[in-house]
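Colleague: Handing over protein_17.cif, mmCIF, C-alpha atoms and all ligand atoms.
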data_structure
#
loop_
_atom_site.label_atom_id
_atom_site.label_comp_id
_atom_site.auth_asym_id
_atom_site.auth_seq_id
_atom_site.Cartn_x
_atom_site.Cartn_y
_atom_site.Cartn_z
CA MET T 229 41.61 86.53 92.35
CA MET T 230 42.24 88.86 89.49
CA GLY T 231 38.65 90.08 89.52
CA TYR T 232 39.17 90.99 93.13
CA GLY T 233 42.45 92.66 92.16
CA LYS T 234 40.95 95.12 89.74
CA LEU T 235 38.09 95.81 92.07
CA ARG T 236 40.39 96.45 94.99
CA ALA T 237 42.72 98.72 93.04
CA LYS T 238 39.74 100.94 92.32
CA ASN T 239 38.16 100.72 95.73
CA GLN T 240 40.99 100.72 98.22
CA ARG T 241 39.07 102.86 100.67
CA VAL T 242 35.97 100.69 100.62
CA PHE T 243 38.20 97.69 101.10
CA ALA T 244 40.10 99.22 104.00
CA ALA T 245 36.85 100.06 105.79
CA ASN T 246 35.48 96.52 105.52
CA GLU T 247 38.69 94.63 105.79
CA SER T 248 37.66 91.94 108.25
CA SER T 249 34.90 90.74 105.92
CA TYR T 250 37.38 89.76 103.20
CA PRO T 251 39.18 86.41 103.26
CA LEU T 252 42.76 86.51 104.44
CA LEU T 253 43.96 85.30 101.05
CA ILE T 254 42.52 88.43 99.45
CA GLN T 255 43.98 90.64 102.16
CA GLY T 256 47.37 89.09 101.57
CA HIS T 257 47.39 90.47 98.04
CA PHE T 258 45.36 93.64 98.32
CA GLY T 259 45.11 94.67 101.94
CA SER T 260 47.01 94.96 105.18
CA PHE T 261 48.38 91.45 104.96
CA GLN T 262 50.54 92.10 101.92
CA PHE T 263 53.45 91.86 104.35
CA LEU T 264 53.01 88.07 104.09
CA HIS T 265 54.65 88.58 100.69
CA ALA T 266 57.07 91.31 101.78
CA MET T 267 54.78 93.96 100.27
CA ALA T 268 52.60 96.72 101.75
CA ASN T 269 49.62 98.98 101.20
CA GLU T 270 50.52 102.03 99.15
CA GLY T 271 51.75 104.81 101.42
CA ASP T 272 52.51 102.52 104.37
CA LYS T 273 55.61 103.38 106.32
CA PRO T 274 58.30 100.77 105.67
CA GLN T 275 59.06 100.60 109.37
CA GLU T 276 55.51 99.36 110.05
CA THR T 277 55.67 96.74 107.34
CA LEU T 278 58.98 95.56 108.68
CA GLU T 279 57.60 95.30 112.21
CA ARG T 280 54.66 93.24 110.97
CA MET T 281 57.03 91.00 109.05
CA MET T 282 59.14 90.46 112.14
CA GLY T 283 55.94 89.77 114.09
CA TRP T 284 54.84 87.24 111.49
CA ALA T 285 58.31 85.70 111.49
CA GLU T 286 58.08 85.29 115.26
CA LEU T 287 54.61 83.74 115.04
CA THR T 288 55.50 81.32 112.24
CA TYR T 289 58.83 80.35 113.78
CA ARG T 290 57.25 79.71 117.16
CA VAL T 291 54.28 77.84 115.65
CA GLY T 292 56.71 75.90 113.46
CA SER T 293 58.74 74.98 116.52
CA GLY T 294 55.70 73.52 118.26
CA GLU T 295 55.13 76.22 120.87
CA PHE T 296 51.37 76.36 120.23
CA THR T 297 48.54 73.98 119.36
CA ALA T 298 46.02 74.24 116.56
CA THR T 299 43.38 75.54 118.96
CA THR T 300 45.48 78.46 120.25
CA ARG T 301 43.73 81.67 119.22
CA LEU T 302 45.75 84.21 117.24
CA ASN T 303 44.41 86.81 119.67
CA ASP T 304 46.00 84.95 122.59
CA VAL T 305 49.52 84.82 121.15
CA ASP T 306 51.62 87.51 122.75
CA ILE T 307 53.28 89.21 119.80
CA PRO T 308 52.76 92.98 119.99
CA ALA T 309 53.45 93.60 116.29
CA LEU T 310 50.50 91.36 115.38
CA ALA T 311 48.07 92.27 118.15
CA GLN T 312 46.34 95.04 116.23
CA LEU T 313 45.94 92.96 113.12
CA ALA T 314 44.65 89.99 115.12
CA THR T 315 42.02 92.13 116.78
CA ARG T 316 40.94 93.67 113.49
CA LEU T 317 40.68 90.28 111.83
CA THR T 318 38.74 88.57 114.57
CA PRO T 319 34.97 89.02 114.30
CA LYS T 320 33.38 89.89 117.67
CA ASN T 321 30.78 87.17 117.25
CA ASN T 322 33.37 84.53 116.37
CA PRO T 323 36.45 84.92 118.59
CA ASN T 324 37.67 81.44 117.62
CA LYS T 325 37.81 82.26 113.94
CA TYR T 326 41.54 82.69 113.86
CA GLN T 327 42.69 79.75 115.87
CA LEU T 328 46.15 78.91 114.63
CA GLY T 329 44.93 75.63 113.16
CA TYR T 330 42.41 77.53 111.07
CA LEU T 331 45.00 80.06 110.03
CA PHE T 332 47.65 77.59 108.89
CA ASP T 333 45.81 74.38 108.09
CA ILE T 334 42.17 75.10 107.42
CA SER T 335 41.32 71.64 106.09
CA THR T 336 42.59 69.32 108.83
CA ARG T 337 43.70 71.66 111.66
CA ASN T 338 46.30 69.08 112.49
CA ASP T 339 49.14 70.19 114.81
CA LYS T 340 51.94 68.71 112.72
CA ARG T 341 50.67 70.02 109.40
CA MET T 342 50.02 73.41 110.98
CA ARG T 343 53.66 73.57 112.11
CA GLU T 344 54.91 72.73 108.62
CA VAL T 345 52.65 75.23 106.88
CA ALA T 346 53.58 77.98 109.36
CA PHE T 347 57.26 77.36 108.81
CA GLY T 348 56.65 77.35 105.07
CA SER T 349 54.93 80.73 105.38
CA LEU T 350 58.04 82.08 107.09
CA GLN T 351 60.27 80.79 104.30
CA HIS T 352 57.86 82.20 101.70
CA MET T 353 57.91 85.69 103.24
CA ILE T 354 61.70 85.76 103.41
CA GLN T 355 62.03 84.51 99.83
CA ASP T 356 59.51 87.09 98.61
CA SER T 357 61.54 89.85 100.27
CA PHE T 358 64.22 89.11 97.66
CA ALA T 359 61.84 89.14 94.67
CA HIS T 360 62.17 92.09 92.33
CA CYS T 361 58.48 93.14 92.26
CA HIS T 362 57.95 92.69 96.02
CA ALA T 363 60.58 94.84 97.65
CA GLN T 364 63.59 96.89 96.69
CA ARG T 365 66.79 95.81 98.31
CA ASP T 366 69.87 97.98 98.38
CA GLU T 367 72.21 97.14 95.47
CA LYS T 368 75.31 97.71 97.56
CA ASN T 369 74.09 95.78 100.55
CA PRO T 370 71.20 93.43 99.77
CA ALA T 371 70.72 92.71 103.47
CA LYS T 372 68.98 96.09 103.59
CA ILE T 373 65.58 97.04 102.26
CA VAL T 374 64.85 100.37 100.56
CA ALA T 375 61.11 100.03 99.91
CA PHE T 376 58.19 97.63 99.89
CA TYR T 377 55.92 97.66 96.87
CA ALA T 378 52.11 97.61 96.79
CA TYR T 379 50.48 94.89 94.69
CA PRO T 380 47.07 96.29 93.65
CA HIS T 381 48.39 98.41 90.76
CA GLN T 382 50.88 95.85 89.57
CA ASN T 383 50.32 93.66 86.53
CA SER T 384 50.13 90.00 87.51
CA GLU T 385 52.32 88.85 84.62
CA GLY T 386 54.79 91.68 85.06
CA HIS T 387 54.98 90.77 88.73
CA ALA T 388 55.35 87.03 88.20
CA GLN T 389 58.19 87.19 85.66
CA PHE T 390 60.61 88.09 88.47
CA ASP T 391 59.42 85.57 91.03
CA ASN T 392 62.03 83.00 90.06
CA GLN T 393 65.26 84.95 90.06
CA LEU T 394 67.71 82.13 89.83
CA GLU T 395 70.78 84.27 90.41
CA TRP T 396 69.83 84.41 94.07
CA VAL T 397 69.60 80.67 94.21
CA SER T 398 72.81 80.02 92.33
CA ASN T 399 74.52 82.39 94.73
CA GLY T 400 73.29 80.08 97.41
CA SER T 401 76.30 78.02 98.15
CA HIS T 402 76.37 77.28 101.81
CA ALA T 403 78.71 80.12 102.54
CA ASN T 404 77.05 81.79 105.46
CA ASP T 405 78.28 85.23 104.57
CA LYS T 406 76.18 85.38 101.41
CA VAL T 407 72.93 87.27 101.57
CA ASN T 408 70.38 85.10 99.85
CA PRO T 409 67.16 83.34 100.78
CA VAL T 410 68.58 79.84 100.36
CA VAL T 411 71.19 80.36 103.05
CA ILE T 412 68.78 82.21 105.30
CA GLY T 413 66.14 79.50 104.93
CA HIS T 414 68.70 76.79 105.58
CA ASN T 415 69.85 78.50 108.76
CA LEU T 416 66.27 78.93 109.96
CA PHE T 417 65.76 75.19 109.53
CA LYS T 418 68.93 74.52 111.51
CA PHE T 419 67.79 76.82 114.34
CA LYS T 420 64.47 75.02 114.48
CA GLN T 421 66.08 71.60 114.48
CA GLN T 422 68.45 72.59 117.26
CA GLY T 423 65.55 73.92 119.31
CA VAL T 424 66.86 77.50 119.36
CA LYS T 425 64.21 79.84 120.81
CA TRP T 426 63.09 82.92 118.88
CA ASP T 427 64.47 85.28 121.51
CA ASN T 428 67.73 83.36 121.87
CA GLY T 429 69.24 84.21 118.53
CA VAL T 430 66.69 83.60 115.79
CA LYS T 431 65.23 87.10 116.00
CA LYS T 432 68.67 88.66 115.95
CA TYR T 433 69.77 86.49 113.05
CA LEU T 434 66.74 87.29 110.91
CA ALA T 435 66.77 91.00 111.75
CA GLN T 436 70.09 91.24 109.90
CA TYR T 437 68.22 90.53 106.64
CA LEU T 438 65.02 92.37 107.44
CA GLN T 439 66.32 95.83 108.10
CA LEU T 440 65.84 99.14 106.37
CA VAL T 441 68.58 101.28 104.94
CA THR T 442 69.15 104.36 107.04
CA GLU T 443 68.97 107.93 105.78
CA GLU T 444 72.66 108.33 106.43
CA GLU T 445 73.35 105.49 104.04
CA ASP T 446 71.31 107.03 101.24
CA GLU T 447 69.26 110.21 101.35
CA ARG T 448 66.52 108.74 99.09
CA LYS T 449 65.67 106.13 101.65
CA PRO T 450 63.85 104.34 103.19
CA MET T 451 60.83 105.05 100.99
CA ALA T 452 57.11 104.80 101.70
CA SER T 453 55.43 101.93 99.87
CA TYR T 454 54.45 102.49 96.25
CA PRO T 455 53.38 100.29 93.32
CA GLY T 456 56.93 99.59 92.17
CA PRO T 457 59.07 99.93 89.05
CA GLU T 458 57.55 100.08 85.56
CA GLU T 459 58.40 96.48 84.66
CA CYS T 460 56.16 95.29 87.51
CA LEU T 461 53.21 97.45 86.44
CA SER T 462 52.74 96.27 82.89
CA LYS T 463 52.63 93.10 80.87
CA PRO T 464 56.12 91.90 79.88
CA GLN T 465 57.11 92.71 76.28
CA LYS T 466 57.45 89.49 74.33
ZN ZN F 1 54.33 85.67 98.04
#
Take the structure in the file and write it out as structure tokens.
Modeller:
Amino acid sequence: MMGYGKLRAKNQRVFAANESSYPLLIQGHFGSFQFLHAMANEGDKPQETLERMMGWAELTYRVGSGEFTATTRLNDVDIPALAQLATRLTPKNNPNKYQLGYLFDISTRNDKRMREVAFGSLQHMIQDSFAHCHAQRDEKNPAKIVAFYAYPHQNSEGHAQFDNQLEWVSNGSHANDKVNPVVIGHNLFKFKQQGVKWDNGVKKYLAQYLQLVTEEEDERKPMASYPGPEECLSKPQK
């Protein structure tokens, strides 16, 4: 992966032009699928990243809730925010490539496992949106996002040192008014268990924690995606 990383940082344009030929895992770190980790391509408008994240949240919540089978094609799922990406990803000569089973459970393509992995991907994306080298949340109101960062110019060790920020977890009593990924993840599980549909409250609930600051709230913001703060770009000082 790191070999790919250095290569991609140098050749972003080449990569962008041939995107569909790279595995999704690579795209998740260096291409248009960085939103899976609450990140974005450098220069991307935060609004677009946010829309893709909400689209992915809808897909993973609905897959996780059993709305689709492993043979449903990504192209056939009606989620406008993902339609463009699905089309770009799907090779013309292999329209079945991104069946949901392939996307979420490549080894067994089993419906149950696919549902679990999809729901895990949702939790992962939300958790990443609170990680220091993934996105900048507003200090005054952490429900709001200021910027998404771009991974290719980050240092992998600098990035990783902030991926286990325990203060968010220890904040995670079950008080529902606290903004942290533990409470949000717990509530998403509850919604799923209770059979709440995406459009009947889940979307609205999640949108509270995936929203951008407005310009009225702070004139710096929201900012186009960029590599991130210095501590994410270099090796940590020992
Ligand atoms: Zn991640």
Colleague: Please list as an mmCIF file with C-alpha atoms, keeping the file's coordinate frame every residue within 10 Å of Thr297 of chain T, counting all atoms listed in the file and excluding residues in the same chain fewer than 3 positions away.
Modeller:
data_model
loop_
_atom_site.group_PDB
_atom_site.id
_atom_site.type_symbol
_atom_site.label_atom_id
_atom_site.label_comp_id
_atom_site.auth_asym_id
_atom_site.auth_seq_id
_atom_site.Cartn_x
_atom_site.Cartn_y
_atom_site.Cartn_z
ATOM 1 C CA VAL T 291 54.280 77.840 115.650
ATOM 2 C CA GLY T 294 55.700 73.520 118.260
ATOM 3 C CA THR T 300 45.480 78.460 120.250
ATOM 4 C CA ARG T 301 43.730 81.670 119.220
ATOM 5 C CA GLN T 327 42.690 79.750 115.870
ATOM 6 C CA LEU T 328 46.150 78.910 114.630
ATOM 7 C CA GLY T 329 44.930 75.630 113.160
ATOM 8 C CA ARG T 337 43.700 71.660 111.660
ATOM 9 C CA ASN T 338 46.300 69.080 112.490
ATOM 10 C CA ASP T 339 49.140 70.190 114.810
ATOM 11 C CA LYS T 340 51.940 68.710 112.720
ATOM 12 C CA MET T 342 50.020 73.410 110.980
ATOM 13 C CA ARG T 343 53.660 73.570 112.110
#
Colleague: Which residue gives the smallest distance to Ala346 of chain T among T:Leu264, T:Ala375, T:Ala311, T:Ile412, with only C-alpha atoms counted?
Modeller: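 Distance minimum relative to Ala346 of chain T lands on T:Leu264.
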Colleague: Let me make sure I understand: among T:His387, T:Lys463, T:His414, T:Lys368, which one has the smallest atom-to-atom distance to ligand ZN 1 (chain F) if we use only C-alpha atoms and all ligand atoms?
Modeller: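 Looking only at the distances to ligand ZN 1 (chain F), the closest residue turns out to be T:His387.
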Colleague: Please identify all polymer residues lying at most 12 Å from the point (45.3, 92.8, 116.5) (file coordinates), using only C-alpha atoms, and present the result as a PyMOL selection string.
Modeller: chain T and resi 248+260+280+283+301-319+326
Colleague: Could you work out how far atom CA of Gln351 of chain T lies from atom CA of Leu440 of chain T, giving the answer in Å with one decimal?
Modeller: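 Atom CA of Gln351 of chain T lies at a distance of 19.3 Å from atom CA of Leu440 of chain T.
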Colleague: In Å, rounded to a single decimal, give me how far atom CA of Glu459 of chain T is from atom CA of Asp391 of chain T.
Modeller: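 So the answer is 12.7 Å.
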Colleague: Hey, can you check how far atom CA of Pro450 of chain T sits from atom CA of Glu276 of chain T?
Modeller: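 It comes out at 11.9 Å.
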Colleague: Residues contacting ligand ZN 1 (chain F) - anything with an atom at most 7 Å away, using all atoms listed in the file - can you give me those as a PyMOL selection string?
Modeller: chain T and resi 264-265+352-353+356
Colleague: Taking only C-alpha atoms into account, name the residue in T:Val430, T:Met282, T:Ala298, T:Ala266 that is nearest to Gly413 of chain T.
Modeller: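 Going through T:Val430, T:Met282, T:Ala298, T:Ala266 one by one, the smallest distance to Gly413 of chain T is for T:Val430.
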Colleague: Excluding Met267 of chain T and its own-chain neighbours fewer than 3 positions away, which residues fall within 12 Å of it when counting only C-alpha atoms? Please give them as a JSON list (two decimals) with C-alpha atoms, in the frame of the given file.
Modeller:
[["chain", "number", "residue", "atom", "x", "y", "z"],
["T", 255, "GLN", "CA", 43.98, 90.64, 102.16],
["T", 256, "GLY", "CA", 47.37, 89.09, 101.57],
["T", 257, "HIS", "CA", 47.39, 90.47, 98.04],
["T", 258, "PHE", "CA", 45.36, 93.64, 98.32],
["T", 259, "GLY", "CA", 45.11, 94.67, 101.94],
["T", 260, "SER", "CA", 47.01, 94.96, 105.18],
["T", 261, "PHE", "CA", 48.38, 91.45, 104.96],
["T", 262, "GLN", "CA", 50.54, 92.10, 101.92],
["T", 263, "PHE", "CA", 53.45, 91.86, 104.35],
["T", 264, "LEU", "CA", 53.01, 88.07, 104.09],
["T", 270, "GLU", "CA", 50.52, 102.03, 99.15],
["T", 271, "GLY", "CA", 51.75, 104.81, 101.42],
["T", 272, "ASP", "CA", 52.51, 102.52, 104.37],
["T", 273, "LYS", "CA", 55.61, 103.38, 106.32],
["T", 274, "PRO", "CA", 58.30, 100.77, 105.67],
["T", 276, "GLU", "CA", 55.51, 99.36, 110.05],
["T", 277, "THR", "CA", 55.67, 96.74, 107.34],
["T", 278, "LEU", "CA", 58.98, 95.56, 108.68],
["T", 280, "ARG", "CA", 54.66, 93.24, 110.97],
["T", 281, "MET", "CA", 57.03, 91.00, 109.05],
["T", 353, "MET", "CA", 57.91, 85.69, 103.24],
["T", 354, "ILE", "CA", 61.70, 85.76, 103.41],
["T", 355, "GLN", "CA", 62.03, 84.51, 99.83],
["T", 356, "ASP", "CA", 59.51, 87.09, 98.61],
["T", 357, "SER", "CA", 61.54, 89.85, 100.27],
["T", 358, "PHE", "CA", 64.22, 89.11, 97.66],
["T", 359, "ALA", "CA", 61.84, 89.14, 94.67],
["T", 360, "HIS", "CA", 62.17, 92.09, 92.33],
["T", 361, "CYS", "CA", 58.48, 93.14, 92.26],
["T", 362, "HIS", "CA", 57.95, 92.69, 96.02],
["T", 363, "ALA", "CA", 60.58, 94.84, 97.65],
["T", 364, "GLN", "CA", 63.59, 96.89, 96.69],
["T", 373, "ILE", "CA", 65.58, 97.04, 102.26],
["T", 374, "VAL", "CA", 64.85, 100.37, 100.56],
["T", 375, "ALA", "CA", 61.11, 100.03, 99.91],
["T", 376, "PHE", "CA", 58.19, 97.63, 99.89],
["T", 377, "TYR", "CA", 55.92, 97.66, 96.87],
["T", 378, "ALA", "CA", 52.11, 97.61, 96.79],
["T", 379, "TYR", "CA", 50.48, 94.89, 94.69],
["T", 380, "PRO", "CA", 47.07, 96.29, 93.65],
["T", 382, "GLN", "CA", 50.88, 95.85, 89.57],
["T", 387, "HIS", "CA", 54.98, 90.77, 88.73],
["T", 452, "ALA", "CA", 57.11, 104.80, 101.70],
["T", 453, "SER", "CA", 55.43, 101.93, 99.87],
["T", 454, "TYR", "CA", 54.45, 102.49, 96.25],
["T", 455, "PRO", "CA", 53.38, 100.29, 93.32],
["T", 456, "GLY", "CA", 56.93, 99.59, 92.17]]
Colleague: What's around segment 415-417 of chain T at 12 Å? Count only C-alpha atoms, leave out sequence neighbours fewer than 2 positions away in its own chain, and write the answer as a PDB file with C-alpha atoms, in the frame of the given file.
Modeller:
ATOM      1  CA  ALA T 285      58.310  85.700 111.490  1.00  0.00           C
ATOM      2  CA  GLU T 286      58.080  85.290 115.260  1.00  0.00           C
ATOM      3  CA  THR T 288      55.500  81.320 112.240  1.00  0.00           C
ATOM      4  CA  TYR T 289      58.830  80.350 113.780  1.00  0.00           C
ATOM      5  CA  ARG T 290      57.250  79.710 117.160  1.00  0.00           C
ATOM      6  CA  GLY T 292      56.710  75.900 113.460  1.00  0.00           C
ATOM      7  CA  SER T 293      58.740  74.980 116.520  1.00  0.00           C
ATOM      8  CA  GLU T 344      54.910  72.730 108.620  1.00  0.00           C
ATOM      9  CA  PHE T 347      57.260  77.360 108.810  1.00  0.00           C
ATOM     10  CA  GLY T 348      56.650  77.350 105.070  1.00  0.00           C
ATOM     11  CA  LEU T 350      58.040  82.080 107.090  1.00  0.00           C
ATOM     12  CA  GLN T 351      60.270  80.790 104.300  1.00  0.00           C
ATOM     13  CA  ILE T 354      61.700  85.760 103.410  1.00  0.00           C
ATOM     14  CA  GLY T 400      73.290  80.080  97.410  1.00  0.00           C
ATOM     15  CA  HIS T 402      76.370  77.280 101.810  1.00  0.00           C
ATOM     16  CA  ALA T 403      78.710  80.120 102.540  1.00  0.00           C
ATOM     17  CA  ASN T 404      77.050  81.790 105.460  1.00  0.00           C
ATOM     18  CA  ASP T 405      78.280  85.230 104.570  1.00  0.00           C
ATOM     19  CA  LYS T 406      76.180  85.380 101.410  1.00  0.00           C
ATOM     20  CA  VAL T 407      72.930  87.270 101.570  1.00  0.00           C
ATOM     21  CA  ASN T 408      70.380  85.100  99.850  1.00  0.00           C
ATOM     22  CA  PRO T 409      67.160  83.340 100.780  1.00  0.00           C
ATOM     23  CA  VAL T 410      68.580  79.840 100.360  1.00  0.00           C
ATOM     24  CA  VAL T 411      71.190  80.360 103.050  1.00  0.00           C
ATOM     25  CA  ILE T 412      68.780  82.210 105.300  1.00  0.00           C
ATOM     26  CA  GLY T 413      66.140  79.500 104.930  1.00  0.00           C
ATOM     27  CA  PHE T 419      67.790  76.820 114.340  1.00  0.00           C
ATOM     28  CA  LYS T 420      64.470  75.020 114.480  1.00  0.00           C
ATOM     29  CA  GLN T 421      66.080  71.600 114.480  1.00  0.00           C
ATOM     30  CA  GLN T 422      68.450  72.590 117.260  1.00  0.00           C
ATOM     31  CA  GLY T 423      65.550  73.920 119.310  1.00  0.00           C
ATOM     32  CA  VAL T 424      66.860  77.500 119.360  1.00  0.00           C
ATOM     33  CA  LYS T 425      64.210  79.840 120.810  1.00  0.00           C
ATOM     34  CA  TRP T 426      63.090  82.920 118.880  1.00  0.00           C
ATOM     35  CA  GLY T 429      69.240  84.210 118.530  1.00  0.00           C
ATOM     36  CA  VAL T 430      66.690  83.600 115.790  1.00  0.00           C
ATOM     37  CA  LYS T 431      65.230  87.100 116.000  1.00  0.00           C
ATOM     38  CA  LYS T 432      68.670  88.660 115.950  1.00  0.00           C
ATOM     39  CA  TYR T 433      69.770  86.490 113.050  1.00  0.00           C
ATOM     40  CA  LEU T 434      66.740  87.290 110.910  1.00  0.00           C
TER      41      LEU T 434
END
Colleague: Could you check the closest approach to Glu445 of chain T for each of T:Gln389, T:Asn322, T:Asn369, T:Thr336 and tell me which residue wins, using only C-alpha atoms?
Modeller: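 Counting only C-alpha atoms, the residue closest to Glu445 of chain T is T:Asn369.
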